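Asks: Next comes entry.txt, compact mmCIF, C-alpha atoms:
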```txt
# COMPACT_ATOMS: atom_id res chain seq x y z
CA MET A 115 23.13 12.62 -50.56
CA THR A 116 21.57 11.94 -47.17
CA ALA A 117 23.64 11.15 -44.08
CA ARG A 118 23.42 7.81 -42.26
CA TYR A 119 21.59 7.73 -38.93
CA TYR A 120 23.11 5.22 -36.50
CA PHE A 121 21.39 3.40 -33.65
CA HIS A 122 23.51 2.52 -30.66
CA GLY A 123 25.16 -0.78 -31.61
CA ASP A 124 24.73 -0.40 -35.38
CA GLU A 125 27.52 -1.94 -37.45
CA VAL A 126 29.27 0.57 -39.68
CA GLY A 127 28.42 -0.25 -43.27
CA ASP A 128 31.90 0.05 -44.75
CA ARG A 129 33.85 -1.02 -41.66
CA THR A 130 33.20 -4.66 -40.82
CA GLY A 131 33.53 -5.29 -37.09
CA GLN A 132 33.08 -1.61 -36.20
CA TYR A 133 29.98 -0.43 -34.34
CA TYR A 134 28.53 2.89 -33.28
CA CYS A 135 28.56 3.70 -29.55
CA ALA A 136 26.04 6.45 -28.83
CA TYR A 137 27.44 6.95 -25.32
CA CYS A 138 30.89 7.76 -26.72
CA ASP A 139 29.63 9.09 -30.07
CA SER A 140 32.30 7.12 -31.89
CA PHE A 141 32.88 3.93 -33.86
CA VAL A 142 34.35 1.11 -31.77
CA ASP A 143 34.95 -2.62 -31.94
CA GLU A 144 32.53 -5.06 -30.30
CA LYS A 145 34.56 -5.71 -27.16
CA HIS A 146 34.28 -2.01 -26.28
CA PHE A 147 30.72 -2.61 -25.04
CA SER A 148 31.84 -5.19 -22.48
CA GLU A 149 34.95 -3.33 -21.36
CA VAL A 150 33.67 0.22 -20.89
CA SER A 151 31.23 1.33 -18.20
CA HIS A 152 28.52 3.62 -19.55
CA SER A 153 25.83 5.53 -17.70
CA GLY A 154 23.13 3.01 -18.69
CA THR A 155 22.64 -0.36 -20.34
CA ASP A 156 23.24 -0.92 -24.04
CA LYS A 157 19.64 -2.04 -24.50
CA GLU A 158 18.37 1.20 -22.92
CA ARG A 159 20.56 3.30 -25.21
CA TYR A 160 19.50 1.30 -28.26
CA ASP A 161 15.82 1.86 -27.40
CA ARG A 162 16.48 5.59 -27.08
CA SER A 163 18.03 5.57 -30.55
CA VAL A 164 14.93 3.89 -31.95
CA LYS A 165 12.66 6.48 -30.31
CA GLY A 166 14.82 9.31 -31.65
CA TRP A 167 14.62 7.92 -35.17
CA THR A 168 10.84 7.56 -34.89
CA VAL A 169 10.52 11.21 -33.87
CA LEU A 170 12.76 12.37 -36.74
CA LYS A 171 10.71 10.48 -39.32
CA LYS A 172 7.41 11.65 -37.86
CA ASN A 173 8.53 15.28 -38.06
CA SER A 174 9.66 14.70 -41.64
CA GLN A 175 13.14 16.00 -40.98
CA GLY A 176 15.03 14.88 -44.07
CA GLY A 177 18.74 14.56 -44.62
CA LEU A 178 19.09 11.27 -42.74
CA HIS A 179 18.58 7.62 -43.65
CA ARG A 180 19.08 4.20 -42.06
CA PRO A 181 19.04 0.91 -44.02
CA ASN A 182 16.21 -1.44 -43.13
CA ASP A 183 18.65 -4.37 -43.00
CA ALA A 184 21.17 -2.63 -40.72
CA HIS A 185 22.92 -5.07 -38.40
CA ASN A 186 22.71 -4.16 -34.72
CA LEU A 187 24.20 -5.83 -31.65
CA PHE A 188 21.33 -5.07 -29.31
CA SER A 189 18.14 -5.13 -31.39
CA SER A 190 17.32 -8.73 -30.47
CA ILE A 191 17.77 -8.28 -26.71
CA PRO A 192 14.30 -8.40 -25.10
CA LYS A 193 13.23 -5.52 -22.90
CA PRO A 194 13.60 -6.34 -19.21
CA LYS A 195 10.33 -7.27 -17.60
CA LYS A 196 9.02 -4.90 -14.97
CA PRO A 197 8.85 -6.62 -11.59
CA LYS A 198 5.36 -7.59 -10.53
CA THR A 199 3.98 -5.63 -7.61
CA GLY A 200 1.73 -7.38 -5.12
CA PRO A 201 -1.33 -5.78 -3.47
CA PHE A 202 0.47 -4.94 -0.22
CA SER A 203 3.36 -3.23 -2.00
CA ARG A 204 0.93 -1.26 -4.18
CA TRP A 205 -0.86 -0.12 -1.02
CA LEU A 206 2.43 0.74 0.69
CA MET A 207 3.61 2.87 -2.27
CA LYS A 208 0.54 5.06 -1.84
CA GLN A 209 1.48 5.85 1.78
CA GLN A 210 4.59 7.90 0.91
CA ASP A 211 3.01 11.24 1.85
CA ARG A 212 2.16 10.16 5.39
CA ASP A 213 3.99 11.97 8.18
CA ASP A 214 4.73 8.86 10.22
CA PRO A 215 7.09 5.85 10.15
CA ILE A 216 4.89 4.08 7.59
CA GLY A 217 5.33 7.05 5.23
CA ASP A 218 9.09 6.90 5.78
CA LEU A 219 9.05 3.15 5.11
CA SER A 220 7.18 3.72 1.85
CA LYS A 221 9.90 6.08 0.62
CA ASP A 222 12.68 3.70 1.71
CA VAL A 223 11.07 0.73 -0.06
CA GLN A 224 10.82 2.68 -3.32
CA ARG A 225 14.56 3.37 -3.13
CA ASP A 226 15.38 -0.28 -2.44
CA LYS A 227 15.77 -1.94 -5.85
CA GLY A 228 15.92 -5.38 -4.26
CA PHE A 229 12.76 -5.15 -2.16
CA PRO A 230 10.47 -8.13 -2.96
CA LEU A 231 7.57 -6.06 -4.27
CA GLU A 232 5.72 -9.09 -5.59
CA SER A 233 5.58 -10.83 -2.21
CA SER A 234 2.67 -10.74 0.21
CA SER A 235 4.54 -12.73 2.85
CA LEU A 236 5.28 -10.67 5.95
CA GLU A 237 8.14 -13.03 6.80
CA ILE A 238 9.84 -12.46 3.44
CA LEU A 239 9.38 -8.69 3.68
CA ARG A 240 10.71 -8.60 7.24
CA ASN A 241 13.72 -10.72 6.31
CA ARG A 242 14.55 -8.24 3.55
CA LEU A 243 14.61 -5.36 6.02
CA ILE A 244 16.59 -7.34 8.59
CA GLY A 245 19.05 -8.43 5.89
CA GLN A 246 19.55 -4.77 4.97
CA PHE A 247 20.22 -3.93 8.64
CA ALA A 248 17.11 -1.78 8.86
CA CYS A 249 16.47 -0.09 12.18
CA ASN A 250 13.88 -1.38 14.65
CA GLU A 251 11.57 1.51 13.76
CA ALA A 252 11.49 0.50 10.08
CA ILE A 253 10.82 -3.15 10.90
CA GLN A 254 8.03 -2.21 13.29
CA ALA A 255 6.61 0.20 10.70
CA LEU A 256 6.40 -2.76 8.30
CA GLU A 257 4.50 -4.77 10.92
CA GLU A 258 2.08 -1.91 11.54
CA ALA A 259 1.63 -1.23 7.82
CA TYR A 260 0.92 -4.88 7.14
CA GLU A 261 -1.69 -5.04 9.90
CA GLU A 262 -3.29 -1.80 8.71
CA PHE A 263 -3.40 -3.11 5.14
CA LYS A 264 -4.96 -6.42 6.19
CA SER A 265 -7.58 -4.74 8.37
CA ASN A 266 -8.66 -2.31 5.63
CA ASN A 267 -7.00 0.79 7.10
CA THR A 268 -8.23 0.28 10.66
CA VAL A 269 -5.73 0.06 13.51
CA ARG A 270 -5.84 -3.01 15.71
CA SER A 271 -6.58 -2.81 19.46
CA GLY A 272 -8.40 0.53 19.18
CA LEU A 273 -5.27 2.61 19.81
CA SER A 274 -4.29 5.30 17.32
CA LEU A 275 -1.28 4.62 15.16
CA ALA A 276 0.45 7.74 16.49
CA LEU A 277 0.01 6.54 20.08
CA ARG A 278 1.28 3.08 19.23
CA PHE A 279 4.47 4.48 17.70
CA ASP A 280 4.92 6.80 20.70
CA VAL A 281 4.89 3.72 22.93
CA PHE A 282 7.32 1.83 20.68
CA ARG A 283 9.72 4.78 20.63
CA ARG A 284 9.53 5.28 24.37
CA ASP A 285 10.30 1.58 24.92
CA ASP A 286 13.10 1.64 22.30
CA TYR A 287 11.29 -0.96 20.14
CA ARG A 288 12.06 -3.58 22.79
CA CYS A 289 9.86 -6.04 24.69
CA GLN A 290 9.64 -4.77 28.27
CA ILE A 291 9.63 -8.30 29.69
CA CYS A 292 12.24 -10.32 27.76
CA GLY A 293 14.12 -7.47 26.06
CA THR A 294 13.96 -8.80 22.50
CA THR A 295 13.72 -6.31 19.60
CA ALA A 296 12.10 -6.11 16.17
CA SER A 297 15.47 -6.50 14.43
CA GLU A 298 16.01 -9.73 16.36
CA GLY A 299 12.85 -11.16 14.89
CA ALA A 300 10.36 -10.26 17.62
CA ARG A 301 6.82 -9.33 16.70
CA LEU A 302 6.12 -6.36 18.95
CA GLU A 303 2.71 -5.33 20.20
CA VAL A 304 1.28 -2.59 22.41
CA ASP A 305 -0.30 -4.04 25.53
CA HIS A 306 -2.31 -2.71 28.48
CA LYS A 307 -0.66 -3.43 31.84
CA ILE A 308 -4.08 -3.39 33.47
CA PRO A 309 -6.45 -4.89 30.86
CA VAL A 310 -9.25 -2.73 29.51
CA ALA A 311 -11.65 -5.48 30.63
CA LYS A 312 -10.56 -4.80 34.22
CA GLY A 313 -10.84 -1.01 33.96
CA GLY A 314 -7.42 -0.21 32.48
CA SER A 315 -7.04 3.04 30.55
CA ASP A 316 -5.23 4.04 27.36
CA GLU A 317 -2.90 6.37 29.29
CA MET A 318 0.79 6.04 28.44
CA SER A 319 1.48 4.88 31.98
CA ASN A 320 -0.77 1.85 31.44
CA ILE A 321 0.52 0.71 28.03
CA TRP A 322 3.85 -0.80 27.10
CA THR A 323 5.65 -2.80 24.43
CA LEU A 324 5.61 -6.58 24.61
CA CYS A 325 6.65 -9.21 22.12
CA PHE A 326 4.04 -11.63 20.80
CA ASN A 327 5.21 -14.50 23.02
CA CYS A 328 5.36 -12.50 26.24
CA ASN A 329 2.02 -10.87 25.55
CA ARG A 330 0.35 -14.25 25.01
CA GLY A 331 1.99 -15.59 28.16
CA LYS A 332 0.76 -12.62 30.18
CA GLY A 333 -2.82 -13.03 28.99
CA THR A 334 -5.19 -10.86 31.02
CA LYS A 335 -3.05 -10.86 34.17
CA ASN A 336 -2.17 -7.48 35.68
CA LEU A 337 1.54 -6.59 35.58
```
Will you turn the file into structure tokens for me?

Replies:
Amino acid sequence: MTARYYFHGDEVGDRTGQYYCAYCDSFVDEKHFSEVSHSGTDKERYDRSVKGWTVLKKNSQGGLHRPNDAHNLFSSIPKPKKPKTGPFSRWLMKQQDRDDPIGDLSKDVQRDKGFPLESSSLEILRNRLIGQFACNEAIQALEEAYEEFKSNNTVRSGLSLALRFDVFRRDDYRCQICGTTASEGARLEVDHKIPVAKGGSDEMSNIWTLCFNCNRGKGTKNL
């Protein structure tokens, strides 16, 4: 006589109201599944049982059976849909091996289960970081990553990404005119004190951090 193979959530044939819990490896009543915390969801464990049974049958390992009409608590629960990932998030995921703040941001985003991967809105993505109390460096890394993505991997203003982040760090991710920061909602930019059009250089002494509003107000004036 072959032994019965139970899926997680299978009702016990001769014990009405009793079900098999694969996490506990025991027969329990239905309320057990809502009262006990397991290491995963019941649907996940049920799916693992199905895969295990498929492997056993494929390898022709006899000695086990399971009725085709077995009643199960979790068989009708649909599999959770994988969140859609937008083009920017797909690009950002590929930057995880970079040795810069954008690479660090990529790793952080992959650990953040609530990050809006499907969104291509910079405002929504920034608000997520601000809502999670991300540091100014992370918020500015998002800004830089977004600009790099939009410009097909070229860095705006002709300055290297490493130099830009050196300037941001030196200036503590703060506008050097009004004092606002990335975490306060400012869009920070690297600006030339003496414009390039008037002979200004890319030396650190001639570049500083300004917010979008202050930079537009400054225009091409020397400061």

Asks: For Ile244 (chain A), which residue among A:Cys135, A:Ala300, A:Ala117, A:Ile216 is the nearest when counting all atoms listed in the file?

Replies: A:Ala300

Asks: Using CA of Glu144 (chain A) and CA of Arg162 (chain A) as the two end points, give the distance in Å to one decimal.

Replies: 19.5 Å

Asks: When you draw a straight line from CA of Gln224 (chain A) to CA of Arg204 (chain A), how long is it in Å?

Replies: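 Value for the CA of Gln224 (chain A)-CA of Arg204 (chain A) distance: 10.7 Å.
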
Asks: Skip Gly127 (chain A) itself and residues of its chain fewer than 3 positions away, then list as a PyMOL selection string all residues within 10 Å of it, counting all atoms listed in the file.

Replies: chain A and resi 118+124+130-133+181+184-185

Asks: Which one is closest to Asn186 (chain A): A:Leu231, A:Asn173, A:Phe202, A:Phe121? Count all atoms listed in the file.

Replies: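 For Asn186 (chain A), the nearest of the candidates is A:Phe121.
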
Asks: What does the structure give for the distance between CA of Gly123 (chain A) and CA of Leu187 (chain A), in Å to one decimal?

Replies: 5.1 Å

Asks: Counting all atoms listed in the file, what is within 8 Å of Ser153 (chain A), bar same-chain residues fewer than 2 positions away, as a list in words?

Replies: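 With the cut-off at 8 Å, the set is Tyr137, Ser151 and Thr155 of chain A.
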
Asks: Under the rule that only C-alpha atoms are counted, which of A:Leu206, A:Tyr134, A:Asp161, A:Thr168 is the nearest residue to Ser189 (chain A)?

Replies: A:Asp161

Asks: Considering all atoms listed in the file, state which residue in the set A:Met207, A:Leu277, A:Cys289, A:Leu170 is at the smallest distance from Arg225 (chain A).

Replies: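 Once distances to Arg225 (chain A) are computed over all atoms listed in the file, the minimum belongs to A:Met207.
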
Asks: Write out as a list in words the residues lying within 12 Å of Gln246 (chain A), counting only C-alpha atoms and excluding same-chain residues fewer than 3 positions away.

Replies: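 Selected residues are Asp222, Val223, Asp226, Lys227, Gly228, Phe229, Leu239, Arg240, Asn241, Arg242, Leu243, Cys249, Asn250, Ala252, Ile253 and Ser297 of chain A.
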
Asks: Between A:Glu303, A:Asp183, A:Glu237, A:Glu298, single out the one closest to Glu125 (chain A), counting all atoms listed in the file.

Replies: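 The shortest atom-to-atom distance to Glu125 (chain A) comes from A:Asp183.
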
Asks: Which centre and which edge lengths, in Å to one decimal, describe the axis-aligned box that holds all listed atoms of region 198-207 of chain A after 4 Å is added on each side, as JSON?

Replies:
```
{"center_x": 2.0, "center_y": -2.4, "center_z": -4.9, "size_x": 14.7, "size_y": 18.5, "size_z": 19.2}
```

Asks: Can you pull out every residue within 12 Å of Glu258 (chain A), counting only C-alpha atoms, but drop anything in the same chain fewer than 3 positions away, and send it as a PyMOL selection string?

Replies: chain A and resi 206+214-217+219+236+240+251-255+261-265+267-271+273-276+278-279+282+296+301-304

Asks: Show me, as an MDAnalysis selection string, the residues that have an atom within 8 Å of Asp156 (chain A) when counting all atoms listed in the file, minus same-chain residues fewer than 5 positions from it.

Replies: chainID A and resid 122:123 147 188

Asks: Using all atoms listed in the file, can you tell me which of A:Ser234, A:Thr323, A:Ser163, A:Thr295 comes closest to Lys198 (chain A)?

Replies: A:Ser234
